[in-house]
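Structure data (mmCIF, C-alpha atoms and all ligand atoms) from work09.cif:
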data_start
#
loop_
_atom_site.label_atom_id
_atom_site.label_comp_id
_atom_site.auth_asym_id
_atom_site.auth_seq_id
_atom_site.Cartn_x
_atom_site.Cartn_y
_atom_site.Cartn_z
CA MET B 1 13.97 -15.70 -42.23
CA HIS B 2 13.47 -15.14 -38.52
CA SER B 3 10.24 -13.61 -37.40
CA PHE B 4 10.18 -12.24 -33.87
CA ASN B 5 7.13 -11.32 -31.94
CA LEU B 6 7.69 -7.59 -31.45
CA PRO B 7 5.28 -5.67 -29.22
CA GLU B 8 2.75 -3.43 -30.99
CA ASP B 9 4.44 -0.25 -29.78
CA VAL B 10 7.85 -1.30 -31.07
CA LEU B 11 6.34 -2.18 -34.44
CA HIS B 12 4.65 1.19 -34.46
CA ILE B 13 7.96 2.98 -33.91
CA LEU B 14 9.77 0.97 -36.60
CA THR B 15 6.95 1.48 -39.08
CA ARG B 16 6.67 5.15 -38.44
CA ILE B 17 10.37 5.68 -39.05
CA SER B 18 10.34 3.65 -42.25
CA ASP B 19 7.18 5.39 -43.48
CA CYS B 20 9.18 8.61 -43.27
CA GLY B 21 11.78 7.10 -45.60
CA TYR B 22 14.38 6.02 -43.03
CA SER B 23 15.59 2.67 -41.84
CA ALA B 24 15.06 1.36 -38.29
CA HIS B 25 15.96 -1.88 -36.51
CA VAL B 26 15.75 -3.35 -33.06
CA VAL B 27 19.33 -3.97 -31.97
CA GLY B 28 21.54 -5.51 -29.29
CA GLY B 29 20.04 -6.99 -26.11
CA PRO B 30 16.49 -7.67 -27.38
CA VAL B 31 17.68 -9.44 -30.54
CA ARG B 32 20.04 -11.56 -28.47
CA ASP B 33 17.18 -12.32 -26.09
CA PHE B 34 14.91 -13.39 -28.95
CA LEU B 35 17.55 -15.71 -30.36
CA LEU B 36 17.95 -17.22 -26.89
CA GLY B 37 14.21 -17.74 -26.62
CA ASN B 38 13.94 -15.18 -23.80
CA VAL B 39 11.53 -12.29 -23.55
CA PRO B 40 13.42 -8.98 -23.92
CA HIS B 41 13.11 -6.50 -21.03
CA ASP B 42 13.55 -3.45 -23.24
CA TYR B 43 13.90 -2.55 -26.89
CA ASP B 44 16.73 -0.40 -28.21
CA ILE B 45 16.27 0.90 -31.72
CA THR B 46 18.92 1.94 -34.20
CA THR B 47 18.24 4.15 -37.20
CA ASN B 48 19.86 6.14 -39.98
CA ALA B 49 17.66 9.14 -39.16
CA LEU B 50 19.49 11.88 -37.29
CA PRO B 51 18.36 12.70 -33.74
CA GLU B 52 16.66 15.94 -34.78
CA LYS B 53 14.75 14.02 -37.44
CA ILE B 54 13.64 11.43 -34.87
CA LYS B 55 12.32 14.22 -32.67
CA GLU B 56 10.44 15.60 -35.66
CA ILE B 57 8.98 12.19 -36.58
CA PHE B 58 7.79 11.71 -32.99
CA SER B 59 6.87 15.34 -32.32
CA ASP B 60 3.40 14.29 -31.13
CA LEU B 61 5.00 12.17 -28.35
CA ARG B 62 7.19 13.08 -25.43
CA THR B 63 10.86 12.79 -26.34
CA VAL B 64 13.89 13.16 -24.08
CA ASP B 65 17.37 14.16 -25.25
CA THR B 66 18.92 11.30 -23.27
CA GLY B 67 22.25 11.32 -25.00
CA ILE B 68 21.62 13.54 -27.94
CA LYS B 69 25.35 14.22 -28.45
CA HIS B 70 25.82 10.46 -28.83
CA GLY B 71 22.78 10.20 -31.05
CA THR B 72 20.23 8.91 -28.54
CA VAL B 73 16.71 10.24 -28.21
CA THR B 74 14.23 8.55 -25.87
CA VAL B 75 10.68 8.35 -27.15
CA VAL B 76 7.94 7.76 -24.59
CA LEU B 77 5.07 5.70 -25.94
CA ASN B 78 2.25 4.45 -23.70
CA GLY B 79 4.38 5.04 -20.65
CA GLU B 80 7.37 3.03 -21.94
CA ASN B 81 10.76 4.49 -22.86
CA TYR B 82 12.34 3.56 -26.17
CA GLU B 83 15.91 4.62 -26.86
CA ILE B 84 16.39 5.44 -30.51
CA THR B 85 20.02 5.90 -31.50
CA THR B 86 21.39 7.07 -34.82
CA TYR B 87 23.96 4.76 -36.47
CA ARG B 88 27.27 5.91 -35.21
CA VAL B 89 30.95 5.18 -35.21
CA ASP B 90 32.99 5.95 -32.13
CA GLY B 91 36.01 8.20 -32.52
CA GLU B 92 39.35 7.63 -30.88
CA TYR B 93 39.32 6.45 -27.26
CA LYS B 94 41.53 7.96 -24.57
CA ASP B 95 42.08 6.42 -21.11
CA SER B 96 39.90 3.33 -21.82
CA ARG B 97 36.89 5.46 -21.02
CA HIS B 98 34.85 7.34 -23.55
CA PRO B 99 35.36 8.00 -27.22
CA GLU B 100 36.72 11.50 -27.76
CA SER B 101 33.99 12.05 -30.29
CA VAL B 102 31.29 10.16 -32.10
CA SER B 103 30.17 10.62 -35.65
CA PHE B 104 27.09 9.45 -37.42
CA THR B 105 27.11 7.08 -40.34
CA SER B 106 24.50 5.95 -42.79
CA ARG B 107 25.62 2.29 -42.72
CA LEU B 108 24.07 -0.16 -40.28
CA GLU B 109 27.13 -2.45 -40.50
CA GLU B 110 29.35 0.32 -39.18
CA ASP B 111 27.06 0.84 -36.23
CA LEU B 112 27.10 -2.88 -35.48
CA ALA B 113 30.90 -2.91 -35.69
CA ARG B 114 31.26 -0.53 -32.72
CA ARG B 115 29.28 -2.89 -30.46
CA ASP B 116 31.05 -5.03 -27.90
CA PHE B 117 30.29 -8.69 -28.65
CA THR B 118 29.06 -10.51 -31.73
CA MET B 119 25.92 -11.60 -29.84
CA ASN B 120 25.13 -7.91 -29.20
CA ALA B 121 25.88 -6.80 -32.76
CA ILE B 122 22.76 -8.12 -34.45
CA ALA B 123 19.91 -6.00 -35.78
CA TYR B 124 16.40 -7.06 -36.73
CA ASN B 125 13.31 -5.67 -38.33
CA PRO B 126 10.29 -7.51 -39.69
CA THR B 127 10.87 -6.59 -43.35
CA GLU B 128 14.60 -7.36 -43.59
CA GLY B 129 14.89 -10.04 -40.93
CA ILE B 130 18.27 -10.33 -39.24
CA THR B 131 21.40 -8.34 -40.03
CA ASP B 132 24.31 -10.20 -38.50
CA PRO B 133 27.65 -9.32 -40.11
CA PHE B 134 29.83 -10.82 -37.34
CA GLY B 135 28.32 -14.24 -36.88
CA GLY B 136 26.54 -13.40 -33.63
CA GLU B 137 23.73 -15.87 -34.20
CA ALA B 138 26.17 -18.77 -34.47
CA ASP B 139 27.98 -17.60 -31.33
CA ILE B 140 24.71 -17.46 -29.44
CA ALA B 141 23.88 -20.96 -30.63
CA SER B 142 27.19 -22.24 -29.27
CA GLY B 143 27.08 -20.10 -26.12
CA VAL B 144 30.18 -18.08 -26.88
CA ILE B 145 31.05 -14.47 -26.03
CA CYS B 146 33.28 -13.14 -28.75
CA ALA B 147 34.52 -9.56 -29.16
CA VAL B 148 33.66 -7.79 -32.39
CA GLY B 149 37.02 -7.31 -34.09
CA ASP B 150 40.34 -7.49 -32.24
CA PRO B 151 39.59 -8.13 -28.55
CA GLU B 152 42.71 -6.36 -27.24
CA LYS B 153 41.87 -3.28 -29.25
CA ARG B 154 38.24 -3.33 -28.17
CA PHE B 155 39.07 -3.81 -24.47
CA THR B 156 41.70 -1.09 -24.61
CA GLU B 157 39.15 1.30 -26.15
CA ASP B 158 36.68 0.67 -23.36
CA ALA B 159 37.73 -1.54 -20.46
CA LEU B 160 34.17 -1.88 -19.17
CA ARG B 161 33.75 -4.45 -21.95
CA ILE B 162 36.00 -6.79 -19.95
CA LEU B 163 33.58 -6.72 -17.04
CA ARG B 164 30.62 -6.97 -19.42
CA ALA B 165 32.17 -10.11 -20.88
CA ILE B 166 32.25 -11.89 -17.53
CA ARG B 167 28.88 -10.40 -16.56
CA PHE B 168 27.29 -11.99 -19.63
CA SER B 169 29.19 -15.19 -18.93
CA SER B 170 27.43 -15.22 -15.55
CA THR B 171 23.93 -14.20 -16.63
CA LEU B 172 23.79 -16.26 -19.82
CA GLY B 173 25.95 -19.19 -18.78
CA PHE B 174 28.18 -18.55 -21.82
CA TYR B 175 31.94 -19.00 -22.17
CA LEU B 176 34.48 -16.50 -23.47
CA GLU B 177 35.95 -17.26 -26.86
CA TYR B 178 39.66 -17.98 -26.41
CA GLU B 179 41.19 -14.78 -27.83
CA THR B 180 38.56 -12.72 -26.02
CA TYR B 181 39.38 -14.59 -22.81
CA LEU B 182 43.14 -14.02 -23.18
CA ALA B 183 42.64 -10.32 -23.83
CA ALA B 184 40.33 -9.98 -20.80
CA LYS B 185 42.93 -11.62 -18.54
CA LYS B 186 45.71 -9.49 -19.97
CA LEU B 187 43.92 -6.15 -19.82
CA GLY B 188 41.80 -6.51 -16.67
CA HIS B 189 43.87 -3.84 -14.92
CA LEU B 190 42.40 -1.23 -17.29
CA LEU B 191 39.15 -1.47 -15.34
CA LEU B 192 40.79 0.97 -12.92
CA ASN B 193 40.02 3.65 -15.50
CA VAL B 194 36.31 2.94 -15.62
CA SER B 195 33.80 4.96 -13.61
CA SER B 196 32.36 3.46 -10.42
CA GLU B 197 28.77 3.75 -11.60
CA ARG B 198 29.40 1.74 -14.76
CA ILE B 199 31.32 -0.90 -12.80
CA SER B 200 28.75 -1.38 -10.08
CA THR B 201 25.86 -1.81 -12.52
CA GLU B 202 27.67 -4.66 -14.27
CA TRP B 203 29.00 -6.13 -11.02
CA PHE B 204 25.55 -6.53 -9.46
CA LYS B 205 24.20 -8.05 -12.68
CA LEU B 206 27.10 -10.50 -12.58
CA MET B 207 26.34 -11.40 -8.94
CA GLY B 208 22.73 -12.21 -9.80
CA GLY B 209 23.61 -14.44 -12.75
CA ARG B 210 22.96 -18.15 -12.95
CA ASP B 211 26.66 -18.88 -13.40
CA ALA B 212 27.94 -16.30 -10.91
CA TYR B 213 29.68 -18.99 -8.87
CA ARG B 214 31.76 -20.23 -11.77
CA VAL B 215 32.62 -16.72 -12.90
CA LEU B 216 33.72 -15.73 -9.39
CA GLU B 217 35.95 -18.78 -9.27
CA GLU B 218 37.44 -18.09 -12.68
CA SER B 219 37.79 -14.32 -12.60
CA GLU B 220 39.32 -13.34 -9.29
CA GLU B 221 42.07 -11.40 -11.03
CA ILE B 222 39.62 -9.21 -12.91
CA ILE B 223 37.27 -8.70 -9.95
CA SER B 224 40.04 -7.75 -7.55
CA VAL B 225 40.96 -4.83 -9.82
CA PHE B 226 37.84 -2.95 -8.77
CA LEU B 227 37.26 -4.86 -5.52
CA PRO B 228 40.73 -5.37 -4.04
CA GLU B 229 38.92 -6.28 -0.79
CA LEU B 230 38.05 -9.60 -2.45
CA THR B 231 41.62 -10.58 -3.27
CA GLY B 232 41.97 -14.23 -2.24
CA ILE B 233 38.21 -14.55 -2.57
CA LYS B 234 36.51 -17.32 -0.59
CA LEU B 235 33.18 -18.71 -1.75
CA PRO B 236 30.39 -20.39 0.19
CA ASP B 237 28.84 -23.76 -0.62
CA PHE B 238 27.88 -24.07 -4.29
CA GLU B 239 24.36 -25.41 -3.78
CA ARG B 240 23.45 -22.82 -1.20
CA PHE B 241 24.90 -20.02 -3.30
CA GLY B 242 22.70 -21.05 -6.23
CA LYS B 243 19.56 -20.67 -4.13
CA ALA B 244 20.51 -17.46 -2.31
CA PRO B 245 19.25 -14.00 -3.29
CA THR B 246 21.81 -11.64 -4.80
CA PRO B 247 22.39 -9.38 -1.75
CA ALA B 248 23.15 -12.39 0.48
CA ARG B 249 25.45 -13.84 -2.19
CA HIS B 250 27.28 -10.56 -2.29
CA LEU B 251 27.68 -10.25 1.49
CA SER B 252 28.82 -13.86 1.81
CA LEU B 253 31.93 -13.09 -0.26
CA PHE B 254 32.91 -10.26 2.07
CA TYR B 255 32.13 -12.26 5.18
CA LEU B 256 34.11 -15.31 4.13
CA THR B 257 37.02 -13.46 2.56
CA LEU B 258 37.47 -10.77 5.22
CA GLY B 259 36.20 -12.19 8.51
CA ASP B 260 36.14 -9.56 11.26
CA SER B 261 36.89 -6.65 8.97
CA ALA B 262 34.07 -7.55 6.57
CA ALA B 263 31.69 -4.76 7.61
CA PRO B 264 34.07 -1.78 7.36
CA SER B 265 35.68 -3.19 4.18
CA TYR B 266 32.29 -3.69 2.59
CA LYS B 267 31.28 -0.17 3.50
CA ALA B 268 34.46 1.28 2.04
CA ALA B 269 34.06 -0.77 -1.13
CA MET B 270 30.43 0.20 -1.66
CA THR B 271 31.25 3.85 -1.01
CA ARG B 272 33.98 3.70 -3.61
CA LEU B 273 31.70 1.97 -6.12
CA ARG B 274 28.99 4.57 -5.37
CA THR B 275 26.27 2.02 -4.85
CA ASP B 276 22.97 3.31 -3.52
CA ALA B 277 22.89 4.15 0.17
CA ARG B 278 20.50 1.32 0.98
CA THR B 279 22.72 -1.40 -0.48
CA ARG B 280 25.68 0.08 1.35
CA ASP B 281 24.08 0.65 4.76
CA LEU B 282 21.89 -2.42 4.97
CA GLY B 283 24.78 -4.64 3.92
CA THR B 284 27.11 -3.03 6.42
CA LEU B 285 24.58 -3.52 9.21
CA ALA B 286 23.97 -7.15 8.24
CA LEU B 287 27.71 -7.87 8.17
CA THR B 288 27.98 -6.33 11.62
CA CYS B 289 25.20 -8.61 12.87
CA ILE B 290 26.30 -11.90 11.30
CA GLY B 291 27.22 -14.45 13.90
CA LYS B 292 26.21 -12.11 16.72
CA PHE B 293 22.57 -13.18 17.05
CA ASP B 294 22.84 -15.92 19.63
CA THR B 295 19.17 -16.60 19.90
CA GLY B 296 16.95 -18.76 17.77
CA THR B 297 13.82 -18.11 19.82
CA ARG B 298 10.67 -16.32 18.76
CA GLU B 299 11.18 -13.60 21.31
CA GLY B 300 14.84 -13.17 20.43
CA ILE B 301 14.19 -12.80 16.70
CA ASN B 302 11.30 -10.42 17.35
CA LEU B 303 13.55 -8.21 19.48
CA LEU B 304 16.15 -8.14 16.71
CA MET B 305 13.43 -7.01 14.29
CA ALA B 306 12.63 -4.18 16.69
CA ASP B 307 16.29 -3.22 17.06
CA PHE B 308 17.48 -3.49 13.44
CA GLY B 309 14.37 -3.56 11.22
CA ILE B 310 13.12 -6.53 9.24
CA ASP B 311 15.26 -5.96 6.14
CA ALA B 312 18.50 -6.13 8.09
CA VAL B 313 17.35 -9.21 10.01
CA ARG B 314 16.28 -10.97 6.81
CA LEU B 315 19.55 -10.17 5.07
CA THR B 316 21.56 -11.27 8.09
CA LEU B 317 19.70 -14.58 8.40
CA GLU B 318 19.93 -15.23 4.65
CA THR B 319 23.65 -14.58 4.65
CA GLU B 320 24.19 -16.67 7.77
CA ARG B 321 22.33 -19.55 6.20
CA LEU B 322 24.38 -19.19 3.02
CA VAL B 323 27.72 -19.23 4.81
CA GLY B 324 26.56 -22.16 6.92
CA ILE B 325 26.78 -20.64 10.38
CA ARG B 326 23.09 -20.96 11.14
CA GLU B 327 21.33 -24.26 10.79
CA ASP B 328 18.60 -23.60 13.34
CA LYS B 329 14.98 -22.62 12.81
CA SER B 330 15.58 -18.86 13.01
CA PHE B 331 14.57 -18.23 9.44
CA ASP B 332 11.31 -20.13 9.81
CA ILE B 333 10.56 -18.24 13.01
CA PHE B 334 11.35 -14.95 11.28
CA GLU B 335 9.03 -15.75 8.39
CA GLU B 336 6.28 -16.77 10.75
CA LEU B 337 6.62 -13.53 12.70
CA ILE B 338 6.25 -11.59 9.44
CA ARG B 339 3.30 -13.70 8.31
CA THR B 340 1.46 -13.32 11.60
CA ARG B 341 2.25 -9.58 11.67
CA ALA B 342 3.91 -9.76 15.04
CA PRO B 343 4.47 -6.21 16.33
CA TYR B 344 8.07 -4.99 15.95
CA ARG B 345 7.65 -1.23 15.50
CA THR B 346 6.07 1.22 17.92
CA GLU B 347 3.49 1.93 15.15
CA ASP B 348 2.34 -1.67 15.52
CA LEU B 349 1.19 -1.05 19.10
CA ASP B 350 -2.50 -0.70 19.83
CA LEU B 351 -2.02 2.82 21.19
CA ASN B 352 -0.25 5.93 19.94
CA GLY B 353 1.63 9.00 21.14
CA ASN B 354 -1.56 10.94 21.80
CA ASP B 355 -2.65 8.32 24.30
CA LEU B 356 0.59 8.87 26.18
CA ILE B 357 0.23 12.66 26.01
CA ALA B 358 -3.25 12.28 27.53
CA ILE B 359 -1.66 10.43 30.43
CA GLY B 360 0.89 13.20 30.91
CA TYR B 361 3.98 12.07 28.96
CA ARG B 362 5.94 14.86 27.24
CA GLY B 363 8.81 15.20 24.73
CA SER B 364 11.31 12.37 24.51
CA GLU B 365 9.48 10.50 27.27
CA ILE B 366 6.82 9.58 24.74
CA GLY B 367 9.13 7.66 22.40
CA LYS B 368 10.93 6.10 25.32
CA GLU B 369 7.71 4.74 26.82
CA MET B 370 6.49 3.53 23.41
CA ARG B 371 9.69 1.50 23.04
CA ALA B 372 9.39 0.15 26.56
CA LEU B 373 5.80 -0.95 25.84
CA LEU B 374 6.86 -2.58 22.57
CA ARG B 375 9.57 -4.48 24.37
CA ALA B 376 7.13 -5.66 27.03
CA VAL B 377 4.75 -6.86 24.30
CA ILE B 378 7.52 -8.71 22.45
CA GLU B 379 8.76 -10.29 25.66
CA GLY B 380 5.23 -11.44 26.44
CA ARG B 381 4.89 -9.40 29.62
CA LEU B 382 2.04 -7.38 28.16
CA LYS B 383 -0.72 -8.00 25.62
CA ASN B 384 -0.91 -5.72 22.58
CA GLU B 385 -4.32 -4.46 23.64
CA ARG B 386 -5.18 -0.84 24.14
CA ALA B 387 -6.59 -1.09 27.65
CA ALA B 388 -3.63 -3.12 28.92
CA LEU B 389 -1.11 -0.80 27.27
CA ILE B 390 -2.75 2.32 28.72
CA ARG B 391 -2.92 0.75 32.18
CA SER B 392 0.77 -0.14 32.02
CA ALA B 393 1.75 3.34 30.76
CA LYS B 394 -0.21 4.96 33.63
CA GLU B 395 1.47 2.74 36.19
CA THR B 396 4.90 3.67 34.85
CA PHE B 397 4.00 7.37 34.78
CA ASN B 398 2.73 7.37 38.33
CA GLY B 399 5.61 5.57 39.85
P1 LIG X 1 20.91 -6.18 -20.98
O1 LIG X 1 19.95 -7.26 -21.34
O2 LIG X 1 21.62 -6.44 -19.71
O3 LIG X 1 20.33 -4.80 -21.06
P2 LIG X 1 22.31 -5.33 -23.31
O4 LIG X 1 23.14 -6.08 -24.31
O5 LIG X 1 21.05 -4.71 -23.81
O6 LIG X 1 22.03 -6.31 -22.12
P3 LIG X 1 23.05 -2.69 -22.60
O7 LIG X 1 24.03 -2.19 -21.57
O8 LIG X 1 21.63 -2.33 -22.44
O9 LIG X 1 23.23 -4.25 -22.66
O10 LIG X 1 23.61 -2.17 -24.00
C1 LIG X 1 22.83 -2.18 -25.18
C2 LIG X 1 23.72 -2.49 -26.39
O11 LIG X 1 24.69 -1.47 -26.56
C3 LIG X 1 24.49 -3.78 -26.28
O12 LIG X 1 23.74 -4.90 -26.70
C4 LIG X 1 25.68 -3.52 -27.19
O13 LIG X 1 25.32 -3.69 -28.53
C5 LIG X 1 25.94 -2.04 -26.96
N1 LIG X 1 26.92 -1.75 -25.88
C6 LIG X 1 26.64 -1.55 -24.57
N2 LIG X 1 27.75 -1.27 -23.88
C7 LIG X 1 28.76 -1.30 -24.77
C8 LIG X 1 30.18 -1.07 -24.67
N3 LIG X 1 30.74 -0.78 -23.51
N4 LIG X 1 30.90 -1.17 -25.81
C9 LIG X 1 30.32 -1.45 -26.99
N5 LIG X 1 29.02 -1.68 -27.15
C10 LIG X 1 28.24 -1.60 -26.05
MG MG X 2 19.74 -3.39 -22.62
#

Starting from the file, give its structure as structure tokens.
Amino acid sequence: MHSFNLPEDVLHILTRISDCGYSAHVVGGPVRDFLLGNVPHDYDITTNALPEKIKEIFSDLRTVDTGIKHGTVTVVLNGENYEITTYRVDGEYKDSRHPESVSFTSRLEEDLARRDFTMNAIAYNPTEGITDPFGGEADIASGVICAVGDPEKRFTEDALRILRAIRFSSTLGFYLEYETYLAAKKLGHLLLNVSSERISTEWFKLMGGRDAYRVLEESEEIISVFLPELTGIKLPDFERFGKAPTPARHLSLFYLTLGDSAAPSYKAAMTRLRTDARTRDLGTLALTCIGKFDTGTREGINLLMADFGIDAVRLTLETERLVGIREDKSFDIFEELIRTRAPYRTEDLDLNGNDLIAIGYRGSEIGKEMRALLRAVIEGRLKNERAALIRSAKETFNG
């Protein structure tokens, strides 16, 4: 029998539920992670106790009705969230989106049967060991992603599972079982029915995966359903892609596939997928900058940091390096500027607005002079020393 090293708090939750006469297991992601020899990042728990009963059992702790209609209560223990979900079977699906209804069941096997892949349909607790009715452990051992039940039916019920299949293929380095693969190819268009938020979560996980390159090569048809911008997708060098951070990987696809229209297309795509504003705006800015920085000098890079901010410059340089249009020392220079805390914001100057007000500057003149001083410092015309900065500001003010 398997014995997994569950954290104290998880054991406490399982024990407390069973002491009250109910059954509780860790399920899905964490069990898969254990079998892979990885450390789980969170612990979902499945139980035959109804949500109201779970709230009663944990009435001394903070609980949140996360998805109480779907049977999920979040219990907060020592600052960590644990989602506890009552065994359930999903009702009929309409539009490849959500089940019309869910109902609770008292059988663990039925709860496992509604889960997407055999590797995610395994439950575990320390007294009963593993419950694995669909052969998930064997599939994990052979690195295979296999739908629970009939893949066409399961993907038609909820098309997000198609994207989850290739996402797991990327993050785990697994391959799709043949019938599952055929169904994914056939039904990929159903992803049009899935909400943007659900898509983008899976898409960014896919992009960060160890086998993202292979999956991008194999799955263009599926990806272009929700990112038609990437039809005819072009990929950068394999080795470089493997080393690049996820945001640069992502931008490289747009840059290489779309050329001059990369920035506006990226922005439109990220708006449609409802990604966070930072991912959207920083990426758009970086795509606008790629190939436009003609300088690899210390001063040049420092000025770019002042104009665009360090995050945009880093992302631009990383993406440029990935797509192979910058072989110079810019990145090293950039990192050295960061390490040596070279000034690039007006806040980094050794004087502040009040000093300028004391000289006589007013209103928008203050910011304007601060930026002029910063530029002079970056260009080496002025030292970042208070006395020198004040002298220069006085000279400007007086003439
Ligand atoms: P990760 O490590 O990325 O969190 P995970 O398997 O835990 O992977 P979650 O999205 O957290 O993924 O889902 C938790 C569990 O819920 C899954 O393991 C699976 O059993 C089930 N599940 C999630 N999404 C679906 C879905 N669309 N259809 C069926 N079952 C699903
Ligand atoms: Mg999870």

Using only C-alpha atoms and all ligand atoms, tabulate the residues of chain B lying at most 8 Å from any atom of ligand MG 2 (chain X), each with its closest atom pair and that distance in Å to one decimal, by chain and increasing residue number, as CSV.
residue,atom,partner,partner_atom,distance
B:Gly28,CA,X:MG2,MG,7.2
B:Gly29,CA,X:MG2,MG,5.0
B:Pro30,CA,X:MG2,MG,7.2
B:His41,CA,X:MG2,MG,7.5
B:Asp42,CA,X:MG2,MG,6.2
B:Tyr43,CA,X:MG2,MG,7.3
B:Asp44,CA,X:MG2,MG,7.0

Restricting the output to C-alpha atoms, write the selected residues as a CSV table (one decimal), keeping the file's coordinate frame.
chain,number,residue,atom,x,y,z
B,28,GLY,CA,21.5,-5.5,-29.3
B,29,GLY,CA,20.0,-7.0,-26.1
B,30,PRO,CA,16.5,-7.7,-27.4
B,41,HIS,CA,13.1,-6.5,-21.0
B,42,ASP,CA,13.6,-3.4,-23.2
B,43,TYR,CA,13.9,-2.6,-26.9
B,44,ASP,CA,16.7,-0.4,-28.2

Have a look at atom CA of Phe241 of chain B and atom O6 of ligand LIG 1 (chain X) and let me know their distance in Å, one decimal.
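For atom CA of Phe241 of chain B relative to atom O6 of ligand LIG 1 (chain X), the distance reads 23.5 Å.
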
When you look at segment 48-51 of chain B with a cut-off of 12 Å (counting all atoms listed in the file), what residues show up, excluding the ones that are within fewer than 6 positions of it in the same chain? I need them as a VMD selection string.
chain B and resid 14 16 to 25 57 to 59 63 to 75 83 to 88 103 to 111

Skipping near chain neighbours, those fewer than 2 positions away, what residues fall within 12 Å of Ala372 of chain B using only C-alpha atoms, listed as a PyMOL selection string?
chain B and resi 303+306+344-346+349+365-370+374-379+381-382+389+392-393+396

Skipping near chain neighbours, those fewer than 4 positions away, what residues fall within 9 Å of segment 254-269 of chain B using only C-alpha atoms, listed as a VMD selection string?
chain B and resid 226 to 236 250 273 to 274 280 to 281 283 to 288 290 319 323

Using all atoms listed in the file, what are the residues with an atom within 6 Å of ligand LIG 1 (chain X), set out as a list in words?
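For ligand LIG 1 (chain X), the residues inside 6 Å are Gly28, Gly29, Arg114, Arg115, Asp116, Asn120, Ala121, Leu160 and Arg161 of chain B.
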
Looking at B:Asp139, B:Thr275, B:Gly188, B:Lys153, which one is nearest to Thr201 of chain B, with distances taken over all atoms listed in the file?
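That would be B:Thr275, the residue with the smallest distance to Thr201 of chain B.
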
Ranking B:Asn398, B:Thr131, B:Asn5, B:Ser252 by minimum distance to Arg321 of chain B and counting all atoms listed in the file, which one comes first?
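Among B:Asn398, B:Thr131, B:Asn5, B:Ser252, it is B:Ser252 that comes nearest to Arg321 of chain B.
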
Please, which residues are within 8 Å of (26.1, -8.9, -36.9) by the file's coordinates, counting all atoms listed in the file, and could they come as a list in words?
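In the file's frame, the residues around the point are Glu109, Leu112, Ala113, Thr118, Met119, Asn120, Ala121, Ile122, Ala123, Thr131, Asp132, Pro133, Phe134, Gly135, Gly136 and Glu137 of chain B.
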
Selection from above, C-alpha atoms, as an mmCIF file, in the frame of the given file, can you write it?
data_model
loop_
_atom_site.group_PDB
_atom_site.id
_atom_site.type_symbol
_atom_site.label_atom_id
_atom_site.label_comp_id
_atom_site.auth_asym_id
_atom_site.auth_seq_id
_atom_site.Cartn_x
_atom_site.Cartn_y
_atom_site.Cartn_z
ATOM 1 C CA GLU B 109 27.130 -2.450 -40.500
ATOM 2 C CA LEU B 112 27.100 -2.880 -35.480
ATOM 3 C CA ALA B 113 30.900 -2.910 -35.690
ATOM 4 C CA THR B 118 29.060 -10.510 -31.730
ATOM 5 C CA MET B 119 25.920 -11.600 -29.840
ATOM 6 C CA ASN B 120 25.130 -7.910 -29.200
ATOM 7 C CA ALA B 121 25.880 -6.800 -32.760
ATOM 8 C CA ILE B 122 22.760 -8.120 -34.450
ATOM 9 C CA ALA B 123 19.910 -6.000 -35.780
ATOM 10 C CA THR B 131 21.400 -8.340 -40.030
ATOM 11 C CA ASP B 132 24.310 -10.200 -38.500
ATOM 12 C CA PRO B 133 27.650 -9.320 -40.110
ATOM 13 C CA PHE B 134 29.830 -10.820 -37.340
ATOM 14 C CA GLY B 135 28.320 -14.240 -36.880
ATOM 15 C CA GLY B 136 26.540 -13.400 -33.630
ATOM 16 C CA GLU B 137 23.730 -15.870 -34.200
#

Wanna dump the segment 79-155 of chain B-segment 166-181 of chain B contacts at 7 Å for me, each residue with its shortest atom pair and the distance in Å to one decimal, counting all atoms listed in the file, ordered by chain and number, as JSON lines?
{"residue": "B:Gly143", "atom": "CA", "partner": "B:Phe174", "partner_atom": "CA", "distance": 4.7}
{"residue": "B:Val144", "atom": "CA", "partner": "B:Tyr175", "partner_atom": "CA", "distance": 5.1}
{"residue": "B:Ile145", "atom": "CA", "partner": "B:Leu176", "partner_atom": "CA", "distance": 4.7}
{"residue": "B:Cys146", "atom": "CA", "partner": "B:Glu177", "partner_atom": "CA", "distance": 5.3}
{"residue": "B:Ala147", "atom": "CA", "partner": "B:Thr180", "partner_atom": "CA", "distance": 6.0}
{"residue": "B:Pro151", "atom": "CA", "partner": "B:Thr180", "partner_atom": "CA", "distance": 5.3}

For Lys329 of chain B, list every protein, DNA or RNA residue within 9 Å, evaluated using all atoms listed in the file, and leave out those in the same chain fewer than 5 positions away; present the list as a list in words.
Gly296, Thr297 and Phe334 of chain B

Point-to-point distance from atom CA of Ser364 of chain B to atom CA of Gly309 of chain B, Å rounded to tenths
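Atom CA of Ser364 of chain B sits 21.0 Å away from atom CA of Gly309 of chain B.
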
In Å to one decimal, how far is atom CA of Ala165 of chain B from atom CA of Gly129 of chain B?
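Between these atoms lies a distance of 26.5 Å.
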
Applying 9 Å and only C-alpha atoms, which residues near Val10 of chain B remain after dropping the ones on its own chain fewer than 3 positions away? List them as a list in words.
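Counting only C-alpha atoms, the residues come to Leu6, Pro7, Ile13, Leu14, Thr15, Val26, Tyr43, Ile45 and Tyr82 of chain B.
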
Determine the nearest neighbour of Glu128 of chain B from the options B:Arg210, B:His2, B:Lys394, B:Arg164, counting only C-alpha atoms.
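Among the listed residues, the smallest separation from Glu128 of chain B belongs to B:His2.
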
In terms of the shortest atom-to-atom distance over only C-alpha atoms, which of B:Lys55, B:His12, B:Arg314, B:Arg32 is closest to Pro126 of chain B?
B:His12
